[in-house]
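Listing of data_12.txt, compact mmCIF, C-alpha atoms
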# COMPACT_ATOMS: atom_id res chain seq x y z
CA MET A 1 132.45 136.57 123.32
CA ARG A 2 131.10 136.78 119.78
CA PRO A 3 130.96 140.40 118.67
CA MET A 4 127.39 141.34 117.67
CA ASN A 5 127.31 142.14 113.98
CA ILE A 6 123.62 142.72 113.61
CA ARG A 7 122.35 145.71 111.65
CA GLU A 8 119.25 146.72 109.73
CA ALA A 9 119.02 145.25 106.24
CA THR A 10 119.01 147.43 103.14
CA LYS A 11 117.65 146.71 99.66
CA GLU A 12 121.26 146.15 98.58
CA ASP A 13 121.57 143.23 101.00
CA TRP A 14 118.93 141.21 99.17
CA ASN A 15 121.39 139.49 96.84
CA SER A 16 123.15 138.13 99.91
CA ILE A 17 120.01 137.23 101.89
CA TRP A 18 118.23 135.51 99.00
CA PRO A 19 120.53 132.42 98.80
CA ILE A 20 119.93 131.81 102.52
CA PHE A 21 116.18 132.26 102.13
CA HIS A 22 116.06 130.05 99.06
CA GLU A 23 118.12 127.26 100.59
CA ILE A 24 115.89 127.10 103.67
CA VAL A 25 112.50 127.64 102.05
CA SER A 26 112.99 125.29 99.10
CA ALA A 27 113.84 122.48 101.54
CA GLY A 28 110.31 122.87 102.96
CA GLU A 29 111.23 121.60 106.41
CA THR A 30 110.79 124.68 108.55
CA TYR A 31 109.07 127.70 106.97
CA ALA A 32 105.46 128.12 105.88
CA TYR A 33 106.33 129.71 102.54
CA ASP A 34 105.72 128.26 99.11
CA LEU A 35 108.72 126.06 98.32
CA ASN A 36 108.97 127.71 94.90
CA THR A 37 108.89 131.29 96.17
CA SER A 38 110.70 133.47 93.61
CA LYS A 39 113.45 135.90 94.46
CA ALA A 40 111.08 138.86 93.91
CA GLN A 41 108.26 137.36 95.99
CA ALA A 42 110.74 136.54 98.74
CA ALA A 43 111.96 140.14 98.83
CA LYS A 44 108.38 141.27 99.46
CA ILE A 45 107.92 138.68 102.22
CA TRP A 46 111.25 139.19 103.96
CA LEU A 47 112.19 142.84 103.32
CA ASP A 48 109.03 144.77 102.44
CA ALA A 49 106.17 143.31 104.49
CA PRO A 50 107.85 143.18 107.92
CA ARG A 51 108.25 146.22 110.11
CA LYS A 52 112.03 145.66 110.35
CA THR A 53 114.56 143.28 108.81
CA TYR A 54 118.08 142.74 110.14
CA VAL A 55 121.18 140.92 108.93
CA PHE A 56 123.89 139.13 110.86
CA GLU A 57 127.21 140.01 109.29
CA GLU A 58 130.72 138.72 109.91
CA ASN A 59 133.76 139.97 107.96
CA ASN A 60 131.41 141.71 105.51
CA GLU A 61 129.57 138.46 104.81
CA ILE A 62 125.89 138.08 105.58
CA LEU A 63 125.36 134.78 107.39
CA GLY A 64 121.88 135.24 108.79
CA SER A 65 118.82 137.45 108.77
CA TYR A 66 115.64 138.01 110.71
CA TYR A 67 112.44 140.00 110.36
CA LEU A 68 110.21 141.53 113.00
CA LYS A 69 106.55 142.38 112.44
CA THR A 70 103.29 142.98 114.25
CA ASN A 71 101.61 139.60 114.60
CA GLN A 72 97.98 140.71 114.75
CA ALA A 73 96.56 144.19 114.15
CA GLY A 74 94.27 146.20 116.44
CA PRO A 75 93.66 144.44 119.77
CA GLY A 76 96.60 142.10 119.07
CA ASN A 77 99.16 144.69 118.06
CA HIS A 78 101.20 144.52 121.27
CA VAL A 79 102.52 141.10 120.20
CA CYS A 80 105.19 140.81 117.51
CA ASN A 81 106.38 137.91 115.39
CA CYS A 82 109.89 137.16 114.16
CA GLY A 83 111.48 134.72 111.74
CA TYR A 84 115.19 133.87 111.70
CA MET A 85 117.34 132.29 109.02
CA VAL A 86 120.95 131.16 109.28
CA SER A 87 123.10 130.11 106.32
CA SER A 88 124.07 126.43 106.31
CA LYS A 89 127.68 127.68 106.37
CA ALA A 90 127.18 129.16 109.82
CA ARG A 91 124.95 126.76 111.72
CA GLY A 92 125.75 125.73 115.29
CA LYS A 93 127.67 128.92 116.05
CA GLY A 94 125.02 130.68 118.08
CA LEU A 95 123.76 133.01 115.35
CA ALA A 96 120.11 132.15 115.97
CA THR A 97 120.58 132.81 119.68
CA SER A 98 122.24 136.17 118.97
CA MET A 99 119.52 137.19 116.53
CA CYS A 100 116.71 136.08 118.85
CA GLU A 101 118.17 138.01 121.78
CA HIS A 102 118.64 141.05 119.54
CA SER A 103 115.06 140.78 118.30
CA GLN A 104 113.69 140.71 121.84
CA LYS A 105 115.53 143.94 122.63
CA MET A 106 114.31 145.55 119.41
CA ALA A 107 110.75 144.39 120.10
CA LEU A 108 110.77 146.17 123.46
CA GLU A 109 112.27 149.31 121.92
CA LEU A 110 109.51 149.30 119.31
CA GLY A 111 106.90 149.07 122.07
CA TYR A 112 105.83 145.43 121.84
CA LYS A 113 105.00 143.52 125.00
CA ALA A 114 105.36 139.95 123.75
CA MET A 115 106.68 137.81 120.91
CA GLN A 116 104.95 134.87 119.26
CA PHE A 117 106.13 132.18 116.84
CA ASN A 118 103.03 130.98 115.02
CA PHE A 119 104.14 127.87 113.26
CA VAL A 120 107.14 125.88 114.50
CA ALA A 121 107.22 122.42 112.92
CA SER A 122 107.34 119.89 115.77
CA SER A 123 110.00 118.02 113.77
CA ASN A 124 112.29 121.05 114.08
CA GLU A 125 113.62 119.90 117.44
CA GLY A 126 116.70 122.11 117.40
CA ALA A 127 114.64 125.25 117.07
CA ILE A 128 112.14 124.18 119.73
CA ARG A 129 114.94 123.44 122.18
CA LEU A 130 116.57 126.78 121.43
CA TRP A 131 113.41 128.86 121.79
CA GLY A 132 112.69 127.04 125.04
CA LYS A 133 116.14 127.92 126.35
CA LEU A 134 115.51 131.54 125.40
CA GLY A 135 112.32 131.68 127.46
CA PHE A 136 109.60 130.82 124.95
CA GLU A 137 106.77 128.58 126.09
CA THR A 138 104.77 126.23 123.91
CA VAL A 139 101.24 127.63 124.19
CA GLY A 140 99.62 125.76 121.31
CA ARG A 141 99.90 122.57 119.28
CA LEU A 142 98.25 122.54 115.81
CA PRO A 143 97.54 118.93 114.89
CA LYS A 144 99.11 117.82 111.60
CA ALA A 145 99.24 121.45 110.45
CA PHE A 146 102.72 121.16 108.88
CA LYS A 147 103.41 118.93 105.91
CA HIS A 148 107.05 117.88 106.10
CA PRO A 149 108.53 116.77 102.75
CA THR A 150 109.77 113.42 104.05
CA ILE A 151 107.97 112.74 107.36
CA GLY A 152 104.54 113.88 106.15
CA PHE A 153 102.03 115.66 108.40
CA VAL A 154 103.47 116.75 111.72
CA ASP A 155 102.10 119.04 114.42
CA ALA A 156 103.10 122.69 114.49
CA LEU A 157 103.76 124.50 117.75
CA VAL A 158 102.82 128.01 118.77
CA MET A 159 105.51 129.47 121.04
CA PHE A 160 105.17 132.66 123.08
CA LYS A 161 107.18 134.88 125.39
CA TRP A 162 106.00 137.86 127.38
CA LEU A 163 108.81 140.44 127.16
CA ALA A 164 107.56 143.53 128.94
CA LYS A 165 107.73 144.14 132.68
CA THR A 166 103.98 144.78 132.72
CA MET B 1 64.49 124.82 108.57
CA ARG B 2 66.19 128.07 107.58
CA PRO B 3 66.75 128.26 103.84
CA MET B 4 70.47 128.74 103.09
CA ASN B 5 70.96 132.11 101.44
CA ILE B 6 74.71 132.04 101.15
CA ARG B 7 76.41 133.10 97.94
CA GLU B 8 79.78 134.44 96.82
CA ALA B 9 80.25 138.16 97.42
CA THR B 10 80.78 140.61 94.57
CA LYS B 11 82.44 144.05 94.60
CA GLU B 12 78.91 145.50 94.48
CA ASP B 13 78.12 143.93 97.86
CA TRP B 14 80.75 145.97 99.65
CA ASN B 15 78.42 148.87 100.49
CA SER B 16 76.24 146.36 102.35
CA ILE B 17 79.07 144.43 104.02
CA TRP B 18 80.98 147.50 105.17
CA PRO B 19 78.48 148.66 107.86
CA ILE B 20 78.63 145.17 109.41
CA PHE B 21 82.44 145.13 109.27
CA HIS B 22 82.70 148.64 110.68
CA GLU B 23 80.26 148.01 113.53
CA ILE B 24 82.14 144.90 114.65
CA VAL B 25 85.71 146.05 114.11
CA SER B 26 85.34 149.53 115.62
CA ALA B 27 84.01 147.93 118.83
CA GLY B 28 87.39 146.19 119.17
CA GLU B 29 86.03 143.26 121.13
CA THR B 30 86.48 140.38 118.70
CA TYR B 31 88.61 141.02 115.59
CA ALA B 32 92.33 141.67 115.30
CA TYR B 33 91.94 144.55 112.88
CA ASP B 34 92.79 148.18 113.53
CA LEU B 35 89.72 149.75 115.15
CA ASN B 36 89.97 152.65 112.71
CA THR B 37 90.20 150.53 109.57
CA SER B 38 88.86 152.62 106.66
CA LYS B 39 86.24 151.41 104.21
CA ALA B 40 88.89 151.01 101.48
CA GLN B 41 91.34 149.14 103.72
CA ALA B 42 88.53 146.89 104.91
CA ALA B 43 87.60 146.01 101.33
CA LYS B 44 91.18 144.85 100.78
CA ILE B 45 91.14 142.79 103.97
CA TRP B 46 87.68 141.25 103.55
CA LEU B 47 87.13 141.03 99.77
CA ASP B 48 90.51 141.13 98.03
CA ALA B 49 93.02 139.30 100.23
CA PRO B 50 90.98 136.15 100.99
CA ARG B 51 90.59 133.31 98.54
CA LYS B 52 86.79 133.53 98.77
CA THR B 53 84.23 135.80 100.40
CA TYR B 54 80.56 134.95 100.89
CA VAL B 55 77.47 136.81 102.03
CA PHE B 56 74.43 135.62 103.92
CA GLU B 57 71.37 137.20 102.34
CA GLU B 58 67.73 137.19 103.39
CA ASN B 59 65.05 139.01 101.37
CA ASN B 60 67.75 140.74 99.36
CA GLU B 61 69.36 142.08 102.51
CA ILE B 62 72.94 141.15 103.46
CA LEU B 63 72.98 140.18 107.14
CA GLY B 64 76.32 138.42 107.39
CA SER B 65 79.53 137.64 105.57
CA TYR B 66 82.54 135.39 105.86
CA TYR B 67 85.92 134.96 104.18
CA LEU B 68 87.96 131.85 103.57
CA LYS B 69 91.72 131.88 103.00
CA THR B 70 94.82 129.72 103.20
CA ASN B 71 96.16 130.07 106.71
CA GLN B 72 99.84 129.36 106.06
CA ALA B 73 101.59 128.97 102.71
CA GLY B 74 103.76 126.07 101.56
CA PRO B 75 103.90 123.24 104.12
CA GLY B 76 100.87 124.73 105.90
CA ASN B 77 98.63 125.28 102.89
CA HIS B 78 96.26 122.39 103.63
CA VAL B 79 94.79 124.38 106.52
CA CYS B 80 92.41 127.28 105.87
CA ASN B 81 91.22 130.13 108.03
CA CYS B 82 87.80 131.80 108.11
CA GLY B 83 86.28 134.86 109.71
CA TYR B 84 82.53 135.42 110.15
CA MET B 85 80.55 138.58 110.79
CA VAL B 86 76.86 138.90 111.57
CA SER B 87 74.95 142.19 111.62
CA SER B 88 73.70 143.19 115.08
CA LYS B 89 70.20 143.13 113.50
CA ALA B 90 70.46 139.39 112.96
CA ARG B 91 72.25 137.96 115.98
CA GLY B 92 71.02 134.82 117.72
CA LYS B 93 69.31 133.45 114.63
CA GLY B 94 71.86 130.84 113.71
CA LEU B 95 73.59 132.79 110.93
CA ALA B 96 77.06 132.12 112.29
CA THR B 97 76.27 128.41 112.50
CA SER B 98 74.97 128.39 108.92
CA MET B 99 78.00 130.28 107.62
CA CYS B 100 80.46 128.09 109.55
CA GLU B 101 78.86 124.90 108.24
CA HIS B 102 78.86 126.34 104.72
CA SER B 103 82.53 127.31 105.06
CA GLN B 104 83.51 123.80 106.12
CA LYS B 105 81.87 122.38 102.99
CA MET B 106 83.56 125.00 100.80
CA ALA B 107 86.92 124.32 102.45
CA LEU B 108 86.70 120.65 101.55
CA GLU B 109 85.62 121.47 97.99
CA LEU B 110 88.63 123.76 97.66
CA GLY B 111 90.91 120.95 98.82
CA TYR B 112 91.68 121.99 102.39
CA LYS B 113 92.02 119.35 105.08
CA ALA B 114 91.51 121.46 108.18
CA MET B 115 90.32 124.86 109.44
CA GLN B 116 91.96 127.04 112.05
CA PHE B 117 90.84 130.14 113.95
CA ASN B 118 94.00 131.94 114.99
CA PHE B 119 92.84 134.50 117.47
CA VAL B 120 89.56 134.04 119.36
CA ALA B 121 89.36 136.42 122.32
CA SER B 122 88.75 134.32 125.43
CA SER B 123 86.16 136.93 126.47
CA ASN B 124 84.10 136.07 123.37
CA GLU B 125 82.34 133.22 125.14
CA GLY B 126 79.46 132.94 122.69
CA ALA B 127 81.81 132.32 119.79
CA ILE B 128 83.93 129.82 121.72
CA ARG B 129 80.83 127.87 122.74
CA LEU B 130 79.56 127.89 119.16
CA TRP B 131 82.83 126.77 117.57
CA GLY B 132 83.06 124.03 120.18
CA LYS B 133 79.56 122.83 119.28
CA LEU B 134 80.60 122.80 115.63
CA GLY B 135 83.55 120.52 116.33
CA PHE B 136 86.43 122.93 116.86
CA GLU B 137 88.94 122.15 119.57
CA THR B 138 90.95 124.68 121.52
CA VAL B 139 94.55 123.78 120.62
CA GLY B 140 96.28 126.89 121.91
CA ARG B 141 95.98 129.67 124.45
CA LEU B 142 97.96 132.87 123.84
CA PRO B 143 98.48 134.60 127.17
CA LYS B 144 97.18 138.19 127.29
CA ALA B 145 97.46 138.41 123.50
CA PHE B 146 94.16 140.27 123.02
CA LYS B 147 93.61 143.77 124.41
CA HIS B 148 89.89 144.12 125.08
CA PRO B 149 88.68 147.76 125.18
CA THR B 150 87.02 147.45 128.60
CA ILE B 151 88.41 144.27 130.25
CA GLY B 152 92.03 144.86 129.21
CA PHE B 153 94.45 142.05 128.31
CA VAL B 154 92.74 138.69 127.90
CA ASP B 155 94.01 135.41 126.48
CA ALA B 156 93.31 134.52 122.86
CA LEU B 157 92.46 130.97 121.84
CA VAL B 158 93.58 129.04 118.79
CA MET B 159 90.79 126.70 117.63
CA PHE B 160 91.17 123.91 115.09
CA LYS B 161 89.11 121.30 113.29
CA TRP B 162 90.33 118.53 111.00
CA LEU B 163 87.77 118.35 108.18
CA ALA B 164 89.06 115.73 105.74
CA LYS B 165 88.55 112.00 106.07
CA THR B 166 92.32 111.47 105.83

As structure tokens, the full file:
Amino acid sequence: MRPMNIREATKEDWNSIWPIFHEIVSAGETYAYDLNTSKAQAAKIWLDAPRKTYVFEENNEILGSYYLKTNQAGPGNHVCNCGYMVSSKARGKGLATSMCEHSQKMALELGYKAMQFNFVASSNEGAIRLWGKLGFETVGRLPKAFKHPTIGFVDALVMFKWLAKT
Amino acid sequence: MRPMNIREATKEDWNSIWPIFHEIVSAGETYAYDLNTSKAQAAKIWLDAPRKTYVFEENNEILGSYYLKTNQAGPGNHVCNCGYMVSSKARGKGLATSMCEHSQKMALELGYKAMQFNFVASSNEGAIRLWGKLGFETVGRLPKAFKHPTIGFVDALVMFKWLAKT
């Protein structure tokens, strides 16, 4: 079994998270962030704005990261949202699964009842399959809401999982 | 025909918009904002954060307001999001219809291709009927994602309309 090396991120981790963020976001295939997001803007998005940010570490190297935040305020604040990023060096090794499972536990500890992914590009078949395996249902389909850099407009999915017992 | 009295909001309008915002948000039945949002926080949410904010004025009195913003950055930035508020003094007079039609025109002028409402409480039947009449389709249903103050957990709908010709 893979040992879980997931811990809360610190400001000092940003130099290690940023290359992963930049690689993924500048490709424009999966995340709804400006492709030219600067290192400073990205730190606000990934480290400052969320309620929590975690890193996946192996042999002192950061290979992945995820954030957890409240998805909607007020009457929607029992549902959280997460985003996960894995370095291209470490794909296919189960890091996204580990981080998603960890995030579900943390969400419950923080008092959330459900988790929602707002904007999963329908072209991102690997992610959709993975979230499905981890219990997320597709509850919405936004027509042509995601502009993929090579395919053009594709639908985006909304995926949702109720976590709490009640 | 009702004359269209819709214009861009200024900072000076906030004293007139705030009572409408506060009345609607503190009721907790329709908007995903903290029920105790302060006047200063609300100004940030309604006037500062959006790309544009408009007011509906009649005889120099502000009776409604709406904001328009980019719903998702980067690959999602061709879709905008709007929120509309009408004073309880002026309900049932077609203000929401006027503002929604105005917002669709403005969205196209600003270069958006589509408009999305992220979080329509399924208990808000009047709004759902109205958006449907104005061409919005329900493209998602978030199970128990909205906590209504008297009914409890209800579903929230995602509604979407493609505005551009292409």

Task: Contact residues around A:Ile45 with only C-alpha atoms at 10 Å, ignoring same-chain residues under 6 positions, as a list in words - done: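 Near neighbours after the sequence-gap exclusion: Tyr33, Thr37, Lys39 and Tyr67 of chain A.
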
Task: Atom-to-atom span, atom CA of B:Ala127 and atom CA of B:Lys69, Å - done: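 Atom-to-atom, atom CA of B:Ala127 to atom CA of B:Lys69, that is 19.5 Å.
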
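For the pair atom CA of B:Tyr66 and atom CA of B:Ala42, the interatomic distance is 13.0 Å.
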
- [ ] Between B:Ser122, B:Gln72, B:Asn81, B:Gln116, single out the one closest to A:Lys147, counting all atoms listed in the file.
- [x]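 Closest to A:Lys147 of all the choices is B:Gln72.
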
Using only C-alpha atoms, tabulate the residues of chain A lying at most 8 Å from any atom of chain B, each with its closest atom pair and that distance in Å to one decimal, by chain and increasing residue number, as a tab-separated table.
residue	atom	partner	partner_atom	distance
A:Gly28	CA	B:Pro75	CA	6.5
A:Glu29	CA	B:Pro75	CA	7.9
A:Tyr31	CA	B:Pro75	CA	7.4
A:Ala32	CA	B:Ala73	CA	5.1
A:Tyr33	CA	B:Gly74	CA	4.6
A:Asp34	CA	B:Gly74	CA	3.8
A:Leu35	CA	B:Gly74	CA	5.9
A:Gln72	CA	B:Ala32	CA	5.8
A:Ala73	CA	B:Tyr33	CA	4.8
A:Gly74	CA	B:Asp34	CA	3.8
A:Pro75	CA	B:Lys147	CA	4.7
A:Gly76	CA	B:Phe146	CA	5.0
A:Asn77	CA	B:Ala32	CA	8.0
A:His78	CA	B:Ala145	CA	7.5
A:Val79	CA	B:Ala145	CA	6.6
A:Val139	CA	B:Gly140	CA	5.5
A:Gly140	CA	B:Gly140	CA	3.6
A:Arg141	CA	B:Val139	CA	5.6
A:Leu142	CA	B:Val139	CA	6.2
A:Ala145	CA	B:Gly76	CA	5.8
A:Phe146	CA	B:Gly76	CA	5.0
A:Lys147	CA	B:Pro75	CA	4.7
A:His148	CA	B:Pro75	CA	6.5
A:Val158	CA	B:Gly140	CA	7.3
A:Phe160	CA	B:Leu142	CA	7.3

TODO: Would you mind reading off the distance between atom CA of A:Leu63 and atom CA of A:Lys105, one decimal, in Å?
DONE: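 Result for atom CA of A:Leu63 versus atom CA of A:Lys105: 20.3 Å, one decimal.
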
Selection: 12 Å around B:Ala40, all atoms listed in the file, excl. self and same-chain fewer than 5 positions, as a PDB file with C-alpha atoms, in the coordinates of the input:
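Result saved to result.pdb:
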ATOM      1  CA  LYS B  11      82.440 144.050  94.600  1.00  0.00           C
ATOM      2  CA  TRP B  14      80.750 145.970  99.650  1.00  0.00           C
ATOM      3  CA  ASN B  15      78.420 148.870 100.490  1.00  0.00           C
ATOM      4  CA  TRP B  18      80.980 147.500 105.170  1.00  0.00           C
ATOM      5  CA  PHE B  21      82.440 145.130 109.270  1.00  0.00           C
ATOM      6  CA  HIS B  22      82.700 148.640 110.680  1.00  0.00           C
ATOM      7  CA  ILE B  45      91.140 142.790 103.970  1.00  0.00           C
ATOM      8  CA  TRP B  46      87.680 141.250 103.550  1.00  0.00           C
ATOM      9  CA  LEU B  47      87.130 141.030  99.770  1.00  0.00           C
ATOM     10  CA  ASP B  48      90.510 141.130  98.030  1.00  0.00           C
TER      11      ASP B  48
END

Can you take the partial stretch 80-91 of chain A, add all heavy atoms, and return it as an mmCIF file, keeping the file's coordinate frame?
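So part34.cif came out as:
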data_model
loop_
_atom_site.group_PDB
_atom_site.id
_atom_site.type_symbol
_atom_site.label_atom_id
_atom_site.label_comp_id
_atom_site.auth_asym_id
_atom_site.auth_seq_id
_atom_site.Cartn_x
_atom_site.Cartn_y
_atom_site.Cartn_z
ATOM 1 N N CYS A 80 104.497 140.868 118.794
ATOM 2 C CA CYS A 80 105.190 140.810 117.510
ATOM 3 C C CYS A 80 105.530 139.381 117.151
ATOM 4 O O CYS A 80 105.346 138.449 117.939
ATOM 5 C CB CYS A 80 106.452 141.671 117.536
ATOM 6 S SG CYS A 80 107.739 141.022 118.607
ATOM 7 N N ASN A 81 105.983 139.215 115.925
ATOM 8 C CA ASN A 81 106.380 137.910 115.390
ATOM 9 C C ASN A 81 107.732 138.099 114.711
ATOM 10 O O ASN A 81 107.977 139.130 114.093
ATOM 11 C CB ASN A 81 105.317 137.461 114.376
ATOM 12 C CG ASN A 81 105.799 136.325 113.487
ATOM 13 O OD1 ASN A 81 106.054 136.510 112.300
ATOM 14 N ND2 ASN A 81 105.932 135.151 114.058
ATOM 15 N N CYS A 82 108.604 137.114 114.847
ATOM 16 C CA CYS A 82 109.890 137.160 114.160
ATOM 17 C C CYS A 82 110.145 135.846 113.444
ATOM 18 O O CYS A 82 109.588 134.805 113.804
ATOM 19 C CB CYS A 82 111.035 137.368 115.158
ATOM 20 S SG CYS A 82 111.082 139.015 115.864
ATOM 21 N N GLY A 83 110.984 135.915 112.407
ATOM 22 C CA GLY A 83 111.480 134.720 111.740
ATOM 23 C C GLY A 83 112.968 134.886 111.531
ATOM 24 O O GLY A 83 113.425 135.991 111.208
ATOM 25 N N TYR A 84 113.724 133.818 111.743
ATOM 26 C CA TYR A 84 115.190 133.870 111.700
ATOM 27 C C TYR A 84 115.702 132.856 110.690
ATOM 28 O O TYR A 84 115.181 131.726 110.621
ATOM 29 C CB TYR A 84 115.774 133.506 113.071
ATOM 30 C CG TYR A 84 115.114 134.213 114.224
ATOM 31 C CD1 TYR A 84 113.962 133.690 114.819
ATOM 32 C CD2 TYR A 84 115.625 135.415 114.705
ATOM 33 C CE1 TYR A 84 113.335 134.349 115.860
ATOM 34 C CE2 TYR A 84 115.006 136.082 115.757
ATOM 35 C CZ TYR A 84 113.859 135.541 116.337
ATOM 36 O OH TYR A 84 113.239 136.195 117.365
ATOM 37 N N MET A 85 116.718 133.237 109.935
ATOM 38 C CA MET A 85 117.340 132.290 109.020
ATOM 39 C C MET A 85 118.854 132.386 109.139
ATOM 40 O O MET A 85 119.407 133.485 109.188
ATOM 41 C CB MET A 85 116.924 132.591 107.571
ATOM 42 C CG MET A 85 115.461 132.301 107.291
ATOM 43 S SD MET A 85 115.088 132.447 105.521
ATOM 44 C CE MET A 85 113.374 131.853 105.508
ATOM 45 N N VAL A 86 119.491 131.224 109.183
ATOM 46 C CA VAL A 86 120.950 131.160 109.280
ATOM 47 C C VAL A 86 121.459 130.334 108.103
ATOM 48 O O VAL A 86 120.922 129.261 107.808
ATOM 49 C CB VAL A 86 121.382 130.508 110.618
ATOM 50 C CG1 VAL A 86 122.894 130.343 110.676
ATOM 51 C CG2 VAL A 86 120.881 131.316 111.803
ATOM 52 N N SER A 87 122.478 130.838 107.425
ATOM 53 C CA SER A 87 123.100 130.110 106.320
ATOM 54 C C SER A 87 123.637 128.757 106.793
ATOM 55 O O SER A 87 124.133 128.634 107.923
ATOM 56 C CB SER A 87 124.261 130.942 105.764
ATOM 57 O OG SER A 87 125.095 130.133 104.966
ATOM 58 N N SER A 88 123.560 127.757 105.926
ATOM 59 C CA SER A 88 124.070 126.430 106.310
ATOM 60 C C SER A 88 125.575 126.485 106.610
ATOM 61 O O SER A 88 126.088 125.666 107.350
ATOM 62 C CB SER A 88 123.789 125.417 105.201
ATOM 63 O OG SER A 88 124.371 125.842 103.991
ATOM 64 N N LYS A 89 126.245 127.495 106.078
ATOM 65 C CA LYS A 89 127.680 127.680 106.370
ATOM 66 C C LYS A 89 127.949 128.043 107.822
ATOM 67 O O LYS A 89 129.094 127.941 108.277
ATOM 68 C CB LYS A 89 128.214 128.882 105.553
ATOM 69 C CG LYS A 89 128.342 128.697 104.090
ATOM 70 C CD LYS A 89 129.157 129.865 103.522
ATOM 71 C CE LYS A 89 128.324 130.627 102.512
ATOM 72 N NZ LYS A 89 129.015 131.810 101.971
ATOM 73 N N ALA A 90 126.928 128.540 108.508
ATOM 74 C CA ALA A 90 127.180 129.160 109.820
ATOM 75 C C ALA A 90 126.320 128.570 110.918
ATOM 76 O O ALA A 90 126.133 129.185 111.962
ATOM 77 C CB ALA A 90 126.931 130.663 109.704
ATOM 78 N N ARG A 91 125.815 127.363 110.700
ATOM 79 C CA ARG A 91 124.950 126.760 111.720
ATOM 80 C C ARG A 91 125.777 126.323 112.941
ATOM 81 O O ARG A 91 126.968 126.037 112.829
ATOM 82 C CB ARG A 91 124.230 125.523 111.142
ATOM 83 C CG ARG A 91 123.377 125.830 109.921
ATOM 84 C CD ARG A 91 121.896 125.884 110.202
ATOM 85 N NE ARG A 91 121.211 126.546 109.071
ATOM 86 C CZ ARG A 91 120.751 125.897 107.986
ATOM 87 N NH1 ARG A 91 120.869 124.594 107.889
ATOM 88 N NH2 ARG A 91 120.158 126.568 107.018
#
